[in-house]
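Structure first, commentary second.
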Amino acid sequence: MPTHESRHQRIDAVRRFNRFYTRKIGVLGKSVYRSPFSLTQARVLFEIAHRRQTTAAELVRELGLDPGYLSRILRGFRRRGLLSAITSGADRRRELLSLTHRGRVVFAPIDMRSHQEVGAMLGELPVGEQQHLVSAMHTIEHLLHAPAAEDGTAGPAATMLRSPRAGDMGWVIERHGTVYAQEYGYSQRFEGLVAEIVAGFVRNFQPKWERCWIAEKDLEPVGSVFVVKRSETVAQLRLLLVEPAARGLGIGARLVNECLRFARHAGYSKMMLWTQSGLDAAHHIYENTGFQMIRRERHKEWGQDVTGETWERDL
């Protein structure tokens with residue numbers, strides 16, 4: 001059993017780290033990133049900006065804010081012309097919130113400065129130490145998000161998104177081949193296509209323009225997504241996959257939103273993707289993150305009659 005003294009030492013260590021990190025990332029001032037907004041206001045803007053639509057109730061749950069405090073923040077945004085609110089067609093008691101064009105213009109430099117400042121902080125470290133730092137942060141996130149079991153021990157780790165490691169690319173190919181064969185009857189030619197895409201990504205990887213994320217739950221990979229360079233202005237989202245057992249947890253939406261954030265920071269003006277009809281869960285994610293289908297084309301591929309669909313959204 002830990003001693004009373006060791007418990008206090010652990011508490012002091014956490015408090016010391018909190019003081020260090022809040023000073024390091026500059027959240028103690030009245031505003032953040034040379035903007036007129038407080039840290040809380042900027043965080044609310046961030047959550048609204050990275051969702052197609054949301055509600056006040058969702059923001060309260062996501063951010064742990066007092067409803068009255070959030071309501072005052074949202075009223076302030078509306079007075080500044082940053083926030084649009086429309087009545088939900090499904091439930092007229094709910095308002096769907098999104099940023100106006102002015103709101104997105106105001107938020108863009110805040111988001112960019114945040115990206116630049118973190119990049120500058122990481123740039124002071126060698127790549128190996130950057131990876132060590134990010135790994136340590138993932139560990140903190142895992143442990144603090146893990147629900148406690150009845151005996152007081154830590155429960156399963158929370159879902160996280162991370163960069164690929166050795167062996168992950170083979171996992172992406174294998175799981176695409178297996179899942180699409182089981183759920184849609186695709187032949188091994190589809191697995192071969194995935195292998196070609198992955199090989200091209202690894203062989204021609206351009207870090208400024210391209211990225212891959214692996215979703216991990218309970219220390220096991222459960223999803224993937226890639227951003228690849230289509231042109232100087234267009235990014236392509238590829239190989240979105242969520243394991244059947246991990247669906248319904250919001251992992252797919254997190255992966256797509258991470259792609260959109262990266263593409264904006266990279267300087268792309270548009271993101272496109274190619275998918276097939278019948279992938280209803282994926283299509284729901286694309287619609288909710290602002291994509292629109294612009295073209296459909298029927299063809300026979302991978303042993304099936306499929307309808308290919310091209311989707312796009314401006315960034």
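If you're wondering about the labels, chains in the structure tokens are A, B, ... by order shown, residues count from 1 in each chain, ligands from 1 in order shown.
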
Just want the 12 Å neighbourhood of Glu58 of chain A, counted on only C-alpha atoms, with same-chain residues fewer than 2 positions away dropped. Output as an mmCIF file with N, CA and C atoms, in the first residue's frame.
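Listed below is the output, selection26.cif:
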```cif
data_model
loop_
_atom_site.group_PDB
_atom_site.id
_atom_site.type_symbol
_atom_site.label_atom_id
_atom_site.label_comp_id
_atom_site.auth_asym_id
_atom_site.auth_seq_id
_atom_site.Cartn_x
_atom_site.Cartn_y
_atom_site.Cartn_z
ATOM 1 N N VAL A 44 -13.830 27.094 -26.923
ATOM 2 C CA VAL A 44 -15.199 26.947 -27.425
ATOM 3 C C VAL A 44 -15.224 27.209 -28.925
ATOM 4 N N GLU A 47 -13.903 24.131 -30.751
ATOM 5 C CA GLU A 47 -14.849 23.012 -30.834
ATOM 6 C C GLU A 47 -15.927 23.271 -31.873
ATOM 7 N N ILE A 48 -16.429 24.495 -31.947
ATOM 8 C CA ILE A 48 -17.468 24.804 -32.935
ATOM 9 C C ILE A 48 -16.888 24.788 -34.343
ATOM 10 N N ARG A 51 -16.564 21.269 -36.011
ATOM 11 C CA ARG A 51 -17.773 20.470 -36.176
ATOM 12 C C ARG A 51 -18.658 21.166 -37.196
ATOM 13 N N GLN A 53 -21.944 21.120 -37.247
ATOM 14 C CA GLN A 53 -22.938 21.739 -36.383
ATOM 15 C C GLN A 53 -22.817 21.098 -35.011
ATOM 16 N N THR A 54 -23.168 21.848 -33.987
ATOM 17 C CA THR A 54 -23.158 21.293 -32.645
ATOM 18 C C THR A 54 -24.252 21.975 -31.845
ATOM 19 N N THR A 55 -24.403 21.585 -30.602
ATOM 20 C CA THR A 55 -25.390 22.193 -29.721
ATOM 21 C C THR A 55 -24.704 22.612 -28.430
ATOM 22 N N ALA A 56 -25.374 23.482 -27.693
ATOM 23 C CA ALA A 56 -24.817 23.917 -26.419
ATOM 24 C C ALA A 56 -24.654 22.732 -25.471
ATOM 25 N N VAL A 60 -21.237 21.560 -23.529
ATOM 26 C CA VAL A 60 -21.160 21.401 -22.068
ATOM 27 C C VAL A 60 -20.558 20.049 -21.716
ATOM 28 N N ARG A 61 -21.024 18.986 -22.415
ATOM 29 C CA ARG A 61 -20.499 17.645 -22.137
ATOM 30 C C ARG A 61 -19.028 17.530 -22.531
ATOM 31 N N GLU A 62 -18.673 18.086 -23.684
ATOM 32 C CA GLU A 62 -17.314 17.946 -24.187
ATOM 33 C C GLU A 62 -16.310 18.718 -23.346
ATOM 34 N N LEU A 63 -16.682 19.924 -22.902
ATOM 35 C CA LEU A 63 -15.732 20.814 -22.241
ATOM 36 C C LEU A 63 -15.884 20.847 -20.728
ATOM 37 N N GLY A 64 -16.974 20.268 -20.207
ATOM 38 C CA GLY A 64 -17.180 20.286 -18.763
ATOM 39 C C GLY A 64 -17.447 21.682 -18.219
ATOM 40 N N LEU A 65 -18.089 22.535 -19.019
ATOM 41 C CA LEU A 65 -18.352 23.906 -18.601
ATOM 42 C C LEU A 65 -19.702 24.017 -17.908
ATOM 43 N N PRO A 67 -23.259 25.356 -17.679
ATOM 44 C CA PRO A 67 -24.159 25.773 -18.771
ATOM 45 C C PRO A 67 -24.363 27.287 -18.831
ATOM 46 N N LEU A 70 -21.212 28.914 -20.295
ATOM 47 C CA LEU A 70 -21.162 28.698 -21.738
ATOM 48 C C LEU A 70 -22.178 29.571 -22.452
ATOM 49 N N ARG A 94 -33.976 22.432 -29.878
ATOM 50 C CA ARG A 94 -32.520 22.461 -29.963
ATOM 51 C C ARG A 94 -32.069 23.459 -31.031
ATOM 52 N N GLU A 95 -31.013 24.190 -30.717
ATOM 53 C CA GLU A 95 -30.394 25.075 -31.695
ATOM 54 C C GLU A 95 -29.085 24.457 -32.174
ATOM 55 N N LEU A 96 -28.889 24.466 -33.484
ATOM 56 C CA LEU A 96 -27.664 23.944 -34.079
ATOM 57 C C LEU A 96 -26.706 25.116 -34.307
ATOM 58 N N LEU A 97 -25.527 25.018 -33.724
ATOM 59 C CA LEU A 97 -24.562 26.109 -33.734
ATOM 60 C C LEU A 97 -23.464 25.854 -34.755
#
```

To test your reading of the structure, identify every residue in segment 157-278 of chain A that backbone DSSP assigns to strand (DSSP E or B), and report it as a ChimeraX atom specification.
/A:160-162,211-217,220-229,234-242,270-276

Just write the chosen residues, C-alpha atoms, as a compact mmCIF listing (two decimals), in the first residue's frame.
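Result file is part.txt:
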```txt
# COMPACT_ATOMS: atom_id res chain seq x y z
CA MET A 160 -6.06 7.86 -29.04
CA LEU A 161 -4.79 8.89 -32.46
CA ARG A 162 -1.08 8.43 -33.13
CA ARG A 211 0.12 12.29 -42.95
CA CYS A 212 -1.23 9.01 -41.56
CA TRP A 213 -2.97 8.39 -38.25
CA ILE A 214 -3.66 5.13 -36.46
CA ALA A 215 -6.52 5.04 -33.96
CA GLU A 216 -5.69 2.93 -30.93
CA LYS A 217 -7.94 1.63 -28.16
CA GLU A 220 -4.55 -2.07 -29.99
CA PRO A 221 -5.01 -0.46 -33.46
CA VAL A 222 -8.69 -0.01 -34.34
CA GLY A 223 -8.66 2.48 -37.22
CA SER A 224 -6.66 4.34 -39.84
CA VAL A 225 -6.77 7.27 -42.22
CA PHE A 226 -4.33 8.93 -44.65
CA VAL A 227 -3.97 12.39 -46.18
CA VAL A 228 -2.07 12.43 -49.48
CA LYS A 229 -1.16 15.24 -51.83
CA VAL A 234 -6.08 19.69 -53.12
CA ALA A 235 -5.56 17.05 -50.42
CA GLN A 236 -7.05 13.56 -50.71
CA LEU A 237 -8.41 11.59 -47.77
CA ARG A 238 -7.73 7.85 -48.18
CA LEU A 239 -8.08 4.51 -46.41
CA LEU A 240 -10.48 5.52 -43.65
CA LEU A 241 -11.19 2.38 -41.63
CA VAL A 242 -12.67 1.66 -38.21
CA LYS A 270 -9.80 21.75 -50.77
CA MET A 271 -10.03 18.13 -49.66
CA MET A 272 -11.50 15.33 -51.79
CA LEU A 273 -12.07 11.62 -51.35
CA TRP A 274 -13.25 8.69 -53.39
CA THR A 275 -15.59 6.11 -51.88
CA GLN A 276 -18.25 3.60 -52.88
```

*asked:* When you count only C-alpha atoms, which of these residues is closest to Val306 of chain A: A:Gln188, A:Ser35, A:Ser163, A:Ser277?
replied: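 Closest candidate: A:Ser277.
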
Min atom-atom distance to Arg34 of chain A from the set A:Met112, A:Ala199, A:Leu83, A:Ile251, counting only C-alpha atoms, belongs to A:Met112

Inset, instruction - Name the residues of segment 58-258 of chain A that fall into helix (DSSP H, G or I) according to DSSP on the backbone, using the chain letters and numbers of this document, as an MDAnalysis selection string. - result: chainID A and resid 58:63 67:79 101:123 127:145 168:184 188:203 244:246 251:258

**Near-Phe77 of chain A list (12 Å; only C-alpha atoms; drop same-chain fewer than 2 positions) as a list in words** =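 Listing them by chain and then by number gives Pro36, Phe37, Gln41, Ala42, Val44, Leu45, Ile48, Leu70, Ser71, Arg72, Ile73, Leu74, Arg75, Arg79, Arg80, Gly81, Leu82, Leu83, Ser84, Ala85, Leu97, Ser98, Leu99, Thr100, Arg102, Gly103, Arg104, Val106 and Phe107 of chain A.
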
Env of segment 168-176 of chain A: 7 Å cut, atoms = only C-alpha atoms, seq-sep filter 5 positions within chain, self excluded. Answer as a list of chain:residue names.
A:Glu191, A:Val194, A:Ala195, A:Val198, A:Ser224

Original post:
With distances taken over only C-alpha atoms, which of A:Val179, A:Leu219, A:Ile197, A:Ala266 is nearest to Glu243 of chain A?
Top reply: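 Distance minimum relative to Glu243 of chain A lands on A:Val179.
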